[in-house]
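Student: Pasting target_10.pdb below, which is PDB, C-alpha atoms.
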ATOM      1  CA  MET C 632       0.000   0.000   0.000
ATOM      2  CA  ALA C 633       2.854   2.418   0.812
ATOM      3  CA  PRO C 634       4.030   2.673  -2.851
ATOM      4  CA  ILE C 635       0.491   3.704  -3.858
ATOM      5  CA  LEU C 636       0.483   6.516  -1.288
ATOM      6  CA  VAL C 637       3.956   7.654  -2.354
ATOM      7  CA  ALA C 638       2.797   7.739  -5.995
ATOM      8  CA  ALA C 639      -0.378   9.662  -5.120
ATOM      9  CA  ALA C 640       1.371  12.523  -3.279
ATOM     10  CA  PRO C 641       3.153  14.128  -6.290
ATOM     11  CA  ILE C 642       0.009  13.694  -8.411
ATOM     12  CA  GLY C 643      -1.958  15.485  -5.672
ATOM     13  CA  LEU C 644       0.631  18.283  -5.587
ATOM     14  CA  LEU C 645       0.367  18.566  -9.369
ATOM     15  CA  TRP C 646      -3.436  18.738  -9.259
ATOM     16  CA  GLY C 647      -3.261  21.448  -6.593
ATOM     17  CA  THR C 648      -0.882  23.448  -8.797
ATOM     18  CA  LEU C 649      -3.257  23.213 -11.763
ATOM     19  CA  ALA C 650      -6.207  24.162  -9.526
ATOM     20  CA  ALA C 651      -4.344  27.253  -8.314
ATOM     21  CA  GLY C 652      -3.633  28.089 -11.969
ATOM     22  CA  LYS C 653      -7.415  28.145 -12.559
ATOM     23  CA  GLY C 654      -7.880  30.522  -9.608
ATOM     24  CA  LEU C 655      -8.911  28.087  -6.863
ATOM     25  CA  SER C 656      -7.727  28.878  -3.341
ATOM     26  CA  ALA C 657      -6.095  26.216  -1.157
ATOM     27  CA  LEU C 658      -9.386  25.963   0.785
ATOM     28  CA  GLU C 659     -11.406  25.428  -2.410
ATOM     29  CA  ALA C 660      -8.936  22.810  -3.676
ATOM     30  CA  TRP C 661      -9.069  21.010  -0.317
ATOM     31  CA  LEU C 662     -12.879  21.117  -0.307
ATOM     32  CA  MET C 663     -13.019  19.570  -3.780
ATOM     33  CA  SER C 664     -10.698  16.776  -2.653
ATOM     34  CA  VAL C 665     -12.898  16.154   0.422
ATOM     35  CA  PHE C 666     -16.228  16.290  -1.475
ATOM     36  CA  VAL C 667     -15.228  14.484  -4.678
ATOM     37  CA  PHE C 668     -12.158  12.446  -3.628
ATOM     38  CA  ALA C 669     -11.546  10.971  -7.098
ATOM     39  CA  GLY C 670      -8.311  12.046  -8.759
ATOM     40  CA  ALA C 671      -9.027  11.497 -12.443
ATOM     41  CA  SER C 672     -12.356  13.326 -12.297
ATOM     42  CA  GLN C 673     -10.779  16.213 -10.386
ATOM     43  CA  PHE C 674      -8.241  16.672 -13.197
ATOM     44  CA  VAL C 675     -11.124  16.822 -15.683
ATOM     45  CA  ALA C 676     -13.061  19.245 -13.466
ATOM     46  CA  ILE C 677     -10.059  21.589 -13.290
ATOM     47  CA  ASP C 678      -9.535  21.305 -17.041
ATOM     48  CA  LEU C 679     -13.134  22.524 -17.571
ATOM     49  CA  TRP C 680     -13.061  25.065 -14.700
ATOM     50  CA  GLN C 681     -13.767  28.692 -15.625
ATOM     51  CA  THR C 682     -14.510  31.817 -13.654
ATOM     52  CA  PRO C 683     -17.453  31.966 -13.084
ATOM     53  CA  VAL C 684     -17.710  28.189 -13.012
ATOM     54  CA  ASP C 685     -20.372  26.326 -15.020
ATOM     55  CA  VAL C 686     -21.848  24.044 -12.330
ATOM     56  CA  PHE C 687     -23.606  21.713 -14.787
ATOM     57  CA  VAL C 688     -20.575  21.211 -17.047
ATOM     58  CA  VAL C 689     -18.279  20.403 -14.119
ATOM     59  CA  ALA C 690     -20.728  18.096 -12.311
ATOM     60  CA  LEU C 691     -21.646  16.203 -15.504
ATOM     61  CA  ALA C 692     -18.001  15.635 -16.420
ATOM     62  CA  VAL C 693     -17.173  14.419 -12.897
ATOM     63  CA  PHE C 694     -20.214  12.117 -12.992
ATOM     64  CA  ILE C 695     -19.195  10.576 -16.331
ATOM     65  CA  VAL C 696     -15.580  10.022 -15.329
ATOM     66  CA  ASN C 697     -16.637   8.417 -12.026
ATOM     67  CA  LEU C 698     -19.347   6.144 -13.473
ATOM     68  CA  ARG C 699     -16.827   3.290 -13.409
ATOM     69  CA  HIS C 700     -17.039   3.339  -9.592
ATOM     70  CA  ILE C 701     -20.544   1.858  -9.755
ATOM     71  CA  LEU C 702     -18.999  -1.332 -11.167
ATOM     72  CA  MET C 703     -16.242  -1.373  -8.533
ATOM     73  CA  ALA C 704     -18.812  -0.905  -5.757
ATOM     74  CA  ALA C 705     -21.012  -3.667  -7.199
ATOM     75  CA  SER C 706     -18.019  -5.981  -7.248
ATOM     76  CA  LEU C 707     -17.081  -5.047  -3.658
ATOM     77  CA  SER C 708     -20.689  -5.563  -2.513
ATOM     78  CA  ARG C 709     -20.255  -9.292  -3.156
ATOM     79  CA  GLN C 710     -17.431  -9.344  -0.585
ATOM     80  CA  VAL C 711     -19.113  -7.422   2.196
ATOM     81  CA  GLY C 712     -21.752  -9.878   3.454
ATOM     82  CA  ALA C 713     -20.164  -9.780   6.903
ATOM     83  CA  VAL C 714     -19.794  -5.985   7.045
ATOM     84  CA  LYS C 715     -22.171  -3.996   9.294
ATOM     85  CA  PRO C 716     -24.725  -2.228   7.041
ATOM     86  CA  ALA C 717     -24.010   1.055   8.835
ATOM     87  CA  LEU C 718     -20.414   0.946   7.543
ATOM     88  CA  VAL C 719     -21.360   0.648   3.855
ATOM     89  CA  PRO C 720     -21.825   4.440   3.356
ATOM     90  CA  LEU C 721     -18.311   4.904   4.781
ATOM     91  CA  MET C 722     -16.942   2.250   2.411
ATOM     92  CA  ALA C 723     -18.619   4.032  -0.497
ATOM     93  CA  TYR C 724     -17.061   7.376   0.497
ATOM     94  CA  VAL C 725     -13.473   6.073   0.267
ATOM     95  CA  LEU C 726     -14.046   3.955  -2.863
ATOM     96  CA  VAL C 727     -11.090   5.051  -4.993
ATOM     97  CA  ASP C 728      -9.443   3.005  -7.750
ATOM     98  CA  GLU C 729      -6.401   2.196  -5.623
ATOM     99  CA  ALA C 730      -8.296   0.975  -2.517
ATOM    100  CA  TRP C 731     -10.591  -1.098  -4.729
ATOM    101  CA  ALA C 732      -7.780  -2.680  -6.741
ATOM    102  CA  LEU C 733      -5.671  -3.535  -3.667
ATOM    103  CA  SER C 734      -8.626  -5.006  -1.756
ATOM    104  CA  GLU C 735      -9.866  -7.080  -4.697
ATOM    105  CA  ARG C 736      -6.366  -8.398  -5.343
ATOM    106  CA  ARG C 737      -6.004  -9.354  -1.676
ATOM    107  CA  ALA C 738      -9.484 -10.962  -1.682
ATOM    108  CA  LEU C 739      -8.339 -13.386  -4.400
ATOM    109  CA  ARG C 740      -6.070 -15.087  -1.848
ATOM    110  CA  GLN C 741      -7.785 -14.550   1.494
ATOM    111  CA  LYS C 742     -11.031 -13.397   3.113
ATOM    112  CA  PHE C 743     -12.106  -9.817   2.391
ATOM    113  CA  SER C 744     -10.837  -7.514   5.152
ATOM    114  CA  LEU C 745     -12.791  -4.365   5.950
ATOM    115  CA  ALA C 746      -9.888  -3.085   8.058
ATOM    116  CA  TYR C 747      -7.490  -3.451   5.114
ATOM    117  CA  TYR C 748      -9.916  -1.742   2.716
ATOM    118  CA  LEU C 749     -10.550   1.187   5.074
ATOM    119  CA  THR C 750      -6.812   1.578   5.790
ATOM    120  CA  CYS C 751      -6.158   1.813   2.046
ATOM    121  CA  GLY C 752      -9.096   4.182   1.537
ATOM    122  CA  PHE C 753      -8.293   6.557   4.394
ATOM    123  CA  GLY C 754      -4.556   6.336   3.692
ATOM    124  CA  MET C 755      -5.397   7.655   0.225
ATOM    125  CA  TRP C 756      -7.791  10.219   1.716
ATOM    126  CA  ILE C 757      -5.154  11.735   4.006
ATOM    127  CA  THR C 758      -2.484  11.713   1.282
ATOM    128  CA  TRP C 759      -4.789  13.168  -1.373
ATOM    129  CA  THR C 760      -6.479  15.919   0.662
ATOM    130  CA  LEU C 761      -3.164  17.126   2.130
ATOM    131  CA  SER C 762      -1.126  16.973  -1.101
ATOM    132  CA  THR C 763      -3.804  18.712  -3.198
ATOM    133  CA  ALA C 764      -4.266  21.518  -0.659
ATOM    134  CA  LEU C 765      -0.481  21.950  -0.354
ATOM    135  CA  GLY C 766      -0.170  21.994  -4.159
ATOM    136  CA  ALA C 767      -2.781  24.751  -4.406
ATOM    137  CA  PHE C 768      -1.109  26.704  -1.586
ATOM    138  CA  LEU C 769       2.310  26.521  -3.280
ATOM    139  CA  GLY C 770       0.841  26.699  -6.777
ATOM    140  CA  LYS C 771       0.659  30.464  -7.001
ATOM    141  CA  SER C 772       4.442  30.703  -6.692
ATOM    142  CA  PHE C 773       4.969  28.455  -9.739
ATOM    143  CA  GLY C 774       3.184  30.794 -12.142
ATOM    144  CA  ASP C 775       1.770  29.459 -15.428
ATOM    145  CA  PRO C 776       1.677  25.618 -15.371
ATOM    146  CA  ALA C 777       1.804  25.485 -19.200
ATOM    147  CA  ALA C 778       5.267  27.124 -19.232
ATOM    148  CA  LEU C 779       6.678  24.053 -17.460
ATOM    149  CA  GLY C 780       4.621  21.535 -19.418
ATOM    150  CA  PHE C 781       2.573  20.710 -16.299
ATOM    151  CA  ASP C 782      -0.648  21.140 -18.280
ATOM    152  CA  PHE C 783       0.337  17.995 -20.188
ATOM    153  CA  ALA C 784       1.089  15.982 -17.027
ATOM    154  CA  PHE C 785      -2.575  15.116 -16.666
ATOM    155  CA  SER C 786      -2.814  13.605 -20.163
ATOM    156  CA  ALA C 787       0.424  11.685 -19.520
ATOM    157  CA  MET C 788      -0.915  10.319 -16.234
ATOM    158  CA  PHE C 789      -4.104   9.130 -17.938
ATOM    159  CA  MET C 790      -2.063   7.318 -20.599
ATOM    160  CA  GLY C 791      -0.234   5.509 -17.806
ATOM    161  CA  ILE C 792      -3.556   4.478 -16.225
ATOM    162  CA  ILE C 793      -4.965   3.379 -19.619
ATOM    163  CA  ALA C 794      -1.959   1.075 -20.124
ATOM    164  CA  GLY C 795      -3.085  -0.830 -17.014
ATOM    165  CA  PHE C 796      -6.334  -1.726 -18.827
ATOM    166  CA  TRP C 797      -4.544  -3.111 -21.918
ATOM    167  CA  LYS C 798      -5.880  -6.515 -23.010
ATOM    168  CA  GLY C 799      -4.584  -6.756 -26.579
ATOM    169  CA  PRO C 800      -5.671  -5.498 -30.019
ATOM    170  CA  LYS C 801      -9.327  -5.093 -29.016
ATOM    171  CA  THR C 802      -8.228  -2.460 -26.498
ATOM    172  CA  ALA C 803      -6.562  -0.560 -29.353
ATOM    173  CA  ALA C 804      -9.865  -0.570 -31.276
ATOM    174  CA  VAL C 805     -11.755   0.633 -28.170
ATOM    175  CA  LEU C 806      -9.256   3.469 -27.613
ATOM    176  CA  ALA C 807      -9.312   4.486 -31.292
ATOM    177  CA  ALA C 808     -13.127   4.668 -31.293
ATOM    178  CA  ALA C 809     -13.255   6.549 -27.983
ATOM    179  CA  GLY C 810     -10.468   8.980 -28.900
ATOM    180  CA  GLY C 811     -11.644   9.628 -32.454
ATOM    181  CA  VAL C 812     -15.265  10.298 -31.504
ATOM    182  CA  ALA C 813     -14.295  12.399 -28.467
ATOM    183  CA  ALA C 814     -11.972  14.635 -30.514
ATOM    184  CA  LEU C 815     -14.629  15.159 -33.222
ATOM    185  CA  VAL C 816     -17.381  15.959 -30.702
ATOM    186  CA  LYS C 817     -15.079  18.302 -28.755
ATOM    187  CA  LEU C 818     -14.422  20.272 -31.966
ATOM    188  CA  THR C 819     -18.131  20.535 -32.838
ATOM    189  CA  VAL C 820     -20.162  20.540 -29.569
ATOM    190  CA  PRO C 821     -19.463  22.868 -26.606
ATOM    191  CA  GLY C 822     -19.269  21.523 -23.024
ATOM    192  CA  ALA C 823     -18.313  18.119 -21.644
ATOM    193  CA  TRP C 824     -20.414  15.952 -23.991
ATOM    194  CA  TYR C 825     -17.298  14.737 -25.801
ATOM    195  CA  ILE C 826     -16.436  12.611 -22.745
ATOM    196  CA  LEU C 827     -19.822  10.860 -22.822
ATOM    197  CA  ALA C 828     -19.762  10.452 -26.628
ATOM    198  CA  GLY C 829     -16.231   9.032 -26.637
ATOM    199  CA  GLY C 830     -16.942   6.720 -23.712
ATOM    200  CA  LEU C 831     -20.073   5.352 -25.406
ATOM    201  CA  ALA C 832     -18.196   4.880 -28.697
ATOM    202  CA  GLY C 833     -15.540   2.825 -26.888
ATOM    203  CA  VAL C 834     -18.148   0.726 -25.083
ATOM    204  CA  ALA C 835     -20.042   0.145 -28.369
ATOM    205  CA  MET C 836     -16.807  -0.921 -30.054
ATOM    206  CA  ALA C 837     -16.068  -3.409 -27.241
ATOM    207  CA  ALA C 838     -19.598  -4.850 -27.446
ATOM    208  CA  SER C 839     -19.450  -5.213 -31.244
ATOM    209  CA  LEU C 840     -16.034  -6.941 -31.130
ATOM    210  CA  HIS C 841     -17.165  -9.445 -28.503
ATOM    211  CA  ARG C 842     -17.504 -13.053 -29.641
ATOM    212  CA  GLU C 843     -19.207 -15.704 -27.532
ATOM    213  CA  GLY C 844     -16.548 -17.940 -26.024
ATOM    214  CA  ASP C 845     -14.185 -15.037 -25.303
ATOM    215  CA  ALA C 846     -12.881 -14.808 -21.764
TER     216      ALA C 846
ATOM    217  CA  MET L 218      -8.131  32.818   3.118
ATOM    218  CA  ARG L 219     -11.037  33.927   0.955
ATOM    219  CA  TRP L 220     -14.400  32.194   1.494
ATOM    220  CA  PRO L 221     -15.647  30.374  -1.668
ATOM    221  CA  GLU L 222     -18.285  32.092  -3.836
ATOM    222  CA  PRO L 223     -21.810  30.529  -3.849
ATOM    223  CA  GLN L 224     -21.255  29.370  -7.444
ATOM    224  CA  VAL L 225     -18.059  27.568  -6.395
ATOM    225  CA  TRP L 226     -19.837  25.923  -3.446
ATOM    226  CA  ALA L 227     -22.554  24.748  -5.849
ATOM    227  CA  ALA L 228     -20.014  23.210  -8.236
ATOM    228  CA  LEU L 229     -18.072  21.500  -5.436
ATOM    229  CA  ILE L 230     -21.198  20.056  -3.809
ATOM    230  CA  ALA L 231     -22.765  18.970  -7.126
ATOM    231  CA  ALA L 232     -19.551  17.228  -8.202
ATOM    232  CA  GLY L 233     -19.225  15.597  -4.766
ATOM    233  CA  LEU L 234     -22.832  14.376  -4.726
ATOM    234  CA  ALA L 235     -22.567  13.011  -8.288
ATOM    235  CA  THR L 236     -19.533  10.985  -7.253
ATOM    236  CA  TYR L 237     -20.897   9.776  -3.912
ATOM    237  CA  LEU L 238     -24.265   8.705  -5.351
ATOM    238  CA  VAL L 239     -22.499   6.653  -8.053
ATOM    239  CA  ARG L 240     -20.416   4.927  -5.374
ATOM    240  CA  LEU L 241     -23.453   4.276  -3.150
ATOM    241  CA  ALA L 242     -25.517   2.961  -6.087
ATOM    242  CA  GLY L 243     -22.962   0.240  -6.730
ATOM    243  CA  PHE L 244     -23.392  -1.054  -3.183
ATOM    244  CA  TYR L 245     -27.190  -0.801  -2.997
ATOM    245  CA  VAL L 246     -28.677  -0.810  -6.519
ATOM    246  CA  LEU L 247     -26.208  -3.132  -8.267
ATOM    247  CA  LYS L 248     -25.537  -5.275  -5.184
ATOM    248  CA  GLY L 249     -24.003  -8.581  -6.245
ATOM    249  CA  PHE L 250     -24.206  -7.654  -9.961
ATOM    250  CA  ALA L 251     -21.759  -9.869 -11.892
ATOM    251  CA  PRO L 252     -22.007  -9.176 -15.636
ATOM    252  CA  ARG L 253     -20.984 -11.844 -18.147
ATOM    253  CA  GLY L 254     -20.400 -12.201 -21.874
ATOM    254  CA  ARG L 255     -21.019  -9.171 -24.086
ATOM    255  CA  THR L 256     -22.247  -7.027 -21.165
ATOM    256  CA  LYS L 257     -19.023  -7.683 -19.259
ATOM    257  CA  ALA L 258     -16.897  -6.918 -22.354
ATOM    258  CA  ALA L 259     -18.755  -3.621 -22.828
ATOM    259  CA  LEU L 260     -18.560  -2.590 -19.151
ATOM    260  CA  ASP L 261     -14.880  -3.565 -18.888
ATOM    261  CA  ALA L 262     -14.183  -1.147 -21.735
ATOM    262  CA  LEU L 263     -15.836   1.777 -19.917
ATOM    263  CA  PRO L 264     -12.883   2.987 -17.778
ATOM    264  CA  PRO L 265     -10.206   3.082 -20.538
ATOM    265  CA  ALA L 266     -12.737   4.469 -23.046
ATOM    266  CA  VAL L 267     -13.726   7.332 -20.732
ATOM    267  CA  LEU L 268     -10.089   8.122 -19.870
ATOM    268  CA  MET L 269      -9.186   8.122 -23.578
ATOM    269  CA  ALA L 270     -12.156  10.368 -24.370
ATOM    270  CA  VAL L 271     -11.004  12.820 -21.678
ATOM    271  CA  ILE L 272      -7.514  13.247 -23.131
ATOM    272  CA  ALA L 273      -8.392  12.927 -26.843
ATOM    273  CA  PRO L 274      -8.886  16.680 -27.501
ATOM    274  CA  THR L 275      -5.484  17.497 -25.940
ATOM    275  CA  VAL L 276      -3.715  14.609 -27.638
ATOM    276  CA  LEU L 277      -5.300  14.712 -31.111
ATOM    277  CA  ALA L 278      -6.594  18.223 -31.670
ATOM    278  CA  THR L 279      -4.299  20.751 -29.935
ATOM    279  CA  GLY L 280      -1.168  20.784 -32.094
ATOM    280  CA  PRO L 281       1.846  18.785 -33.306
ATOM    281  CA  ALA L 282       3.795  19.304 -30.043
ATOM    282  CA  GLU L 283       1.020  17.719 -27.950
ATOM    283  CA  THR L 284       0.447  14.858 -30.416
ATOM    284  CA  GLY L 285       4.200  14.148 -30.594
ATOM    285  CA  ALA L 286       4.548  14.228 -26.817
ATOM    286  CA  ALA L 287       1.561  11.874 -26.564
ATOM    287  CA  LEU L 288       3.326   9.367 -28.840
ATOM    288  CA  ALA L 289       6.452   9.477 -26.648
ATOM    289  CA  THR L 290       4.302   9.094 -23.531
ATOM    290  CA  ALA L 291       2.382   6.185 -25.073
ATOM    291  CA  VAL L 292       5.687   4.342 -25.600
ATOM    292  CA  ALA L 293       6.644   4.887 -21.938
ATOM    293  CA  ALA L 294       3.170   3.748 -20.820
ATOM    294  CA  ALA L 295       3.227   0.680 -23.111
ATOM    295  CA  LEU L 296       6.575  -0.342 -21.568
ATOM    296  CA  ARG L 297       4.798  -0.241 -18.169
ATOM    297  CA  LEU L 298       7.366   2.179 -16.752
ATOM    298  CA  PRO L 299       6.506   3.631 -13.309
ATOM    299  CA  MET L 300       3.821   6.326 -13.345
ATOM    300  CA  VAL L 301       6.280   9.063 -12.348
ATOM    301  CA  VAL L 302       8.514   8.171 -15.343
ATOM    302  CA  VAL L 303       5.499   8.180 -17.709
ATOM    303  CA  ILE L 304       4.454  11.642 -16.474
ATOM    304  CA  LEU L 305       8.000  13.034 -16.697
ATOM    305  CA  THR L 306       8.327  11.664 -20.252
ATOM    306  CA  GLY L 307       5.164  13.517 -21.249
ATOM    307  CA  VAL L 308       6.093  16.787 -19.523
ATOM    308  CA  ALA L 309       9.696  16.826 -20.801
ATOM    309  CA  SER L 310       8.761  15.937 -24.390
ATOM    310  CA  VAL L 311       5.950  18.515 -24.584
ATOM    311  CA  VAL L 312       8.291  21.272 -23.340
ATOM    312  CA  LEU L 313      11.009  20.236 -25.828
ATOM    313  CA  LEU L 314       8.606  19.936 -28.778
ATOM    314  CA  ARG L 315       6.944  23.282 -28.001
ATOM    315  CA  MET L 316      10.389  24.962 -28.025
ATOM    316  CA  MET L 317      11.413  23.201 -31.254
ATOM    317  CA  LEU L 318       8.131  23.858 -33.075
ATOM    318  CA  ALA L 319       7.560  27.401 -31.781
TER     319      ALA L 319
END
Kindly return the structure encoded in the file as structure tokens.

Tutor:
Amino acid sequence: MAPILVAAAPIGLLWGTLAAGKGLSALEAWLMSVFVFAGASQFVAIDLWQTPVDVFVVALAVFIVNLRHILMAASLSRQVGAVKPALVPLMAYVLVDEAWALSERRALRQKFSLAYYLTCGFGMWITWTLSTALGAFLGKSFGDPAALGFDFAFSAMFMGIIAGFWKGPKTAAVLAAAGGVAALVKLTVPGAWYILAGGLAGVAMAASLHREGDA
Amino acid sequence: MRWPEPQVWAALIAAGLATYLVRLAGFYVLKGFAPRGRTKAALDALPPAVLMAVIAPTVLATGPAETGAALATAVAAALRLPMVVVILTGVASVVLLRMMLA
């Protein structure tokens, strides 16, 4: 778990820097990390952030990027038969990719551990809320993030995450469909719809390439 | 420290609620849901497809420096280098290419 926390801290600092570049205070950056607590969607939210902010555009984009968590929660719900129902809302609050992945991997070998899951989740929570707020606090002294190429860091990070989902040539077709449609929609339709359109195109491609008997 | 504007509060709370309700729905609405076959293939594609859609405008439709840097980053990501190395590859190559192509 420690390597995950160490990896999250610089990404949190980076996000805070970008947030400060869009005019968010350290308090506002911290509040977003506490309320949303989902790194990828926070990068998208900051990318779309304007002053004054368009509430619908930001919330819709965050919703679309975080839709995958419904599948992670559904998968976790099969493990939590023994968990007190009152603790489920707490589990849902700290459901981040890293806590989910580590807990599911551990559950392949031994019984699901709520303590392990919550340690991962709140370890990430402390790391993420502190590093993002610190990044926003320091961010103003860095100046324009684009001058240092930091604006591209977010795209680079996503490419690293995408590589973790690679399953062969079909993944290439999914990414081509998603990327091609998203770029076209972004150029023609204002707002965050390109994320939904690209995501649906990728999902449609995966469904159409599926053959019965595939794993 | 300045207190957030009402509009900012609204955006932060709306984004937070959207995320939390999705996470709760997985536990309560889709409890025990285990997709198979074509449904599973389609749902498995959702995370990478959404992430790709998010970065596509930057990568494909900003300029040659960004597209070139994306190619270099894709190589680093395909080699499964550590995340920090992948990010540094992207940042360093975009700065270099912007200087060269400016």

Student: Tell me which of L:Leu238, L:Ala286, L:Leu247, L:Val302 sits closest to chain C, counting only C-alpha atoms.

Tutor: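 Among L:Leu238, L:Ala286, L:Leu247, L:Val302, it is L:Leu247 that comes nearest to chain C.
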
Student: As a list of chain:residue names, please: the residues near Pro252 (chain L) (cut-off 10 Å, all atoms listed in the file, same-chain neighbours under 4 positions excluded).

Tutor: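 Returned residues: C:Leu702, C:Ser706, L:Thr256, L:Lys257, L:Ala258, L:Ala259, L:Leu260, L:Asp261.
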
Student: Can you list, as JSON, numbers by chain, the residues that the PyMOL selection byres ((chain L and resi 235) around 10) selects here?

Tutor: {"C": [666, 667, 690, 691, 692, 693, 694, 695, 697, 698], "L": [230, 231, 232, 233, 234, 236, 237, 238, 239, 240]}

Student: Could you pull out every residue with an atom within 7 Å of (-3.5, 27.4, -5.5), file coordinates, counting only C-alpha atoms, and send them as an NGL selection string?

Tutor: :C and (647-648 or 650-652 or 654-657 or 766-771)

Student: Would you work out the distance separating CA of Phe789 (chain C) from CA of Leu263 (chain L), expressed in Å to one decimal?

Tutor: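 Computed distance, CA of Phe789 (chain C) to CA of Leu263 (chain L), equals 14.0 Å.
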
Student: Under the rule of at most 7 Å, produce a per-residue listing of chain C near chain L: chain, number, name, the closest pair of atoms, and the distance in Å, as a Markdown table, using only C-alpha atoms.

Tutor:
| residue | atom | partner | partner_atom | distance |
| --- | --- | --- | --- | --- |
| C:Glu659 | CA | L:Pro221 | CA | 6.6 |
| C:Met663 | CA | L:Leu229 | CA | 5.7 |
| C:Phe666 | CA | L:Gly233 | CA | 4.5 |
| C:Val667 | CA | L:Gly233 | CA | 4.2 |
| C:Val684 | CA | L:Val225 | CA | 6.7 |
| C:Val686 | CA | L:Ala228 | CA | 4.6 |
| C:Val689 | CA | L:Ala228 | CA | 6.7 |
| C:Ala690 | CA | L:Ala232 | CA | 4.4 |
| C:Val693 | CA | L:Ala232 | CA | 6.0 |
| C:Phe694 | CA | L:Ala235 | CA | 5.3 |
| C:Val696 | CA | L:Val267 | CA | 6.3 |
| C:Asn697 | CA | L:Thr236 | CA | 6.1 |
| C:Leu698 | CA | L:Val239 | CA | 6.3 |
| C:Arg699 | CA | L:Pro264 | CA | 5.9 |
| C:His700 | CA | L:Arg240 | CA | 5.6 |
| C:Ile701 | CA | L:Gly243 | CA | 4.2 |
| C:Leu702 | CA | L:Gly243 | CA | 6.2 |
| C:Ala704 | CA | L:Gly243 | CA | 4.4 |
| C:Ala705 | CA | L:Gly243 | CA | 4.4 |
| C:Ser706 | CA | L:Gly249 | CA | 6.6 |
| C:Ser708 | CA | L:Phe244 | CA | 5.3 |
| C:Arg709 | CA | L:Gly249 | CA | 4.9 |
| C:Pro720 | CA | L:Leu241 | CA | 6.7 |
| C:Ala723 | CA | L:Arg240 | CA | 5.3 |
| C:Tyr724 | CA | L:Tyr237 | CA | 6.3 |
| C:Leu726 | CA | L:Arg240 | CA | 6.9 |
| C:Leu779 | CA | L:Val312 | CA | 6.7 |
| C:Gly780 | CA | L:Val308 | CA | 5.0 |
| C:Phe781 | CA | L:Val308 | CA | 6.2 |
| C:Phe783 | CA | L:Val308 | CA | 5.9 |
| C:Ala784 | CA | L:Ile304 | CA | 5.5 |
| C:Ser786 | CA | L:Ile272 | CA | 5.6 |
| C:Ala787 | CA | L:Ile304 | CA | 5.1 |
| C:Met788 | CA | L:Ile304 | CA | 5.5 |
| C:Phe789 | CA | L:Leu268 | CA | 6.4 |
| C:Met790 | CA | L:Ala294 | CA | 6.3 |
| C:Gly791 | CA | L:Ala294 | CA | 4.9 |
| C:Ile793 | CA | L:Pro265 | CA | 5.3 |
| C:Ala794 | CA | L:Ala294 | CA | 5.8 |
| C:Phe796 | CA | L:Pro265 | CA | 6.4 |
| C:Val805 | CA | L:Ala266 | CA | 6.5 |
| C:Leu806 | CA | L:Ala266 | CA | 5.8 |
| C:Ala809 | CA | L:Ala270 | CA | 5.4 |
| C:Gly810 | CA | L:Ala273 | CA | 4.9 |
| C:Ala813 | CA | L:Ala270 | CA | 5.0 |
| C:Ala814 | CA | L:Pro274 | CA | 4.8 |
| C:Lys817 | CA | L:Pro274 | CA | 6.5 |
| C:Tyr825 | CA | L:Ala270 | CA | 6.9 |
| C:Ile826 | CA | L:Ala270 | CA | 5.1 |
| C:Gly829 | CA | L:Ala270 | CA | 4.9 |
| C:Gly830 | CA | L:Val267 | CA | 4.4 |
| C:Gly833 | CA | L:Ala266 | CA | 5.0 |
| C:Val834 | CA | L:Ala259 | CA | 4.9 |
| C:Ala835 | CA | L:Ala259 | CA | 6.8 |
| C:Ala837 | CA | L:Ala259 | CA | 5.2 |
| C:Ala838 | CA | L:Ala259 | CA | 4.9 |
| C:His841 | CA | L:Arg255 | CA | 5.9 |
| C:Glu843 | CA | L:Gly254 | CA | 6.8 |

Student: Figure out the distance between CA of Gly754 (chain C) and CA of Val675 (chain C), please, to one decimal in Å.

Tutor: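 Result for CA of Val675 (chain C) versus CA of Gly754 (chain C): 23.0 Å, one decimal.
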
Student: Quick one: pull the distance between CA of Ala828 (chain C) and CA of Leu662 (chain C), Å, one decimal.

Tutor: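 Distance between the two atoms: 29.2 Å.
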
Student: When the PyMOL selection byres ((chain C and resi 678) around 9) is applied to the structure above, which residues does it catch, written out as number ranges by chain?

Tutor: C: 649-650, 653, 673-677, 679-681, 782

Student: Edge lengths and centre, in Å to one decimal, as JSON: that's what I need for the box along x, y and z that holds all listed atoms of region 227-242 of chain L plus 3 Å on each side.

Tutor:
{"center_x": -21.8, "center_y": 13.9, "center_z": -5.7, "size_x": 13.4, "size_y": 27.8, "size_z": 11.1}

Student: Given the file shown, enumerate the residues that the PyMOL selection byres ((chain C and resi 736-752) around 10) captures and present them as an NGL selection string.

Tutor: :C and (632-633 or 635-636 or 707 or 709-715 or 718 or 721-735 or 753-757)

Student: Which one of C:Thr682, C:Met703, C:Leu765, C:Ala717 sits closest to Ser664 (chain C) if you count all atoms listed in the file?

Tutor: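 Looking only at the distances to Ser664 (chain C), the closest residue turns out to be C:Leu765.
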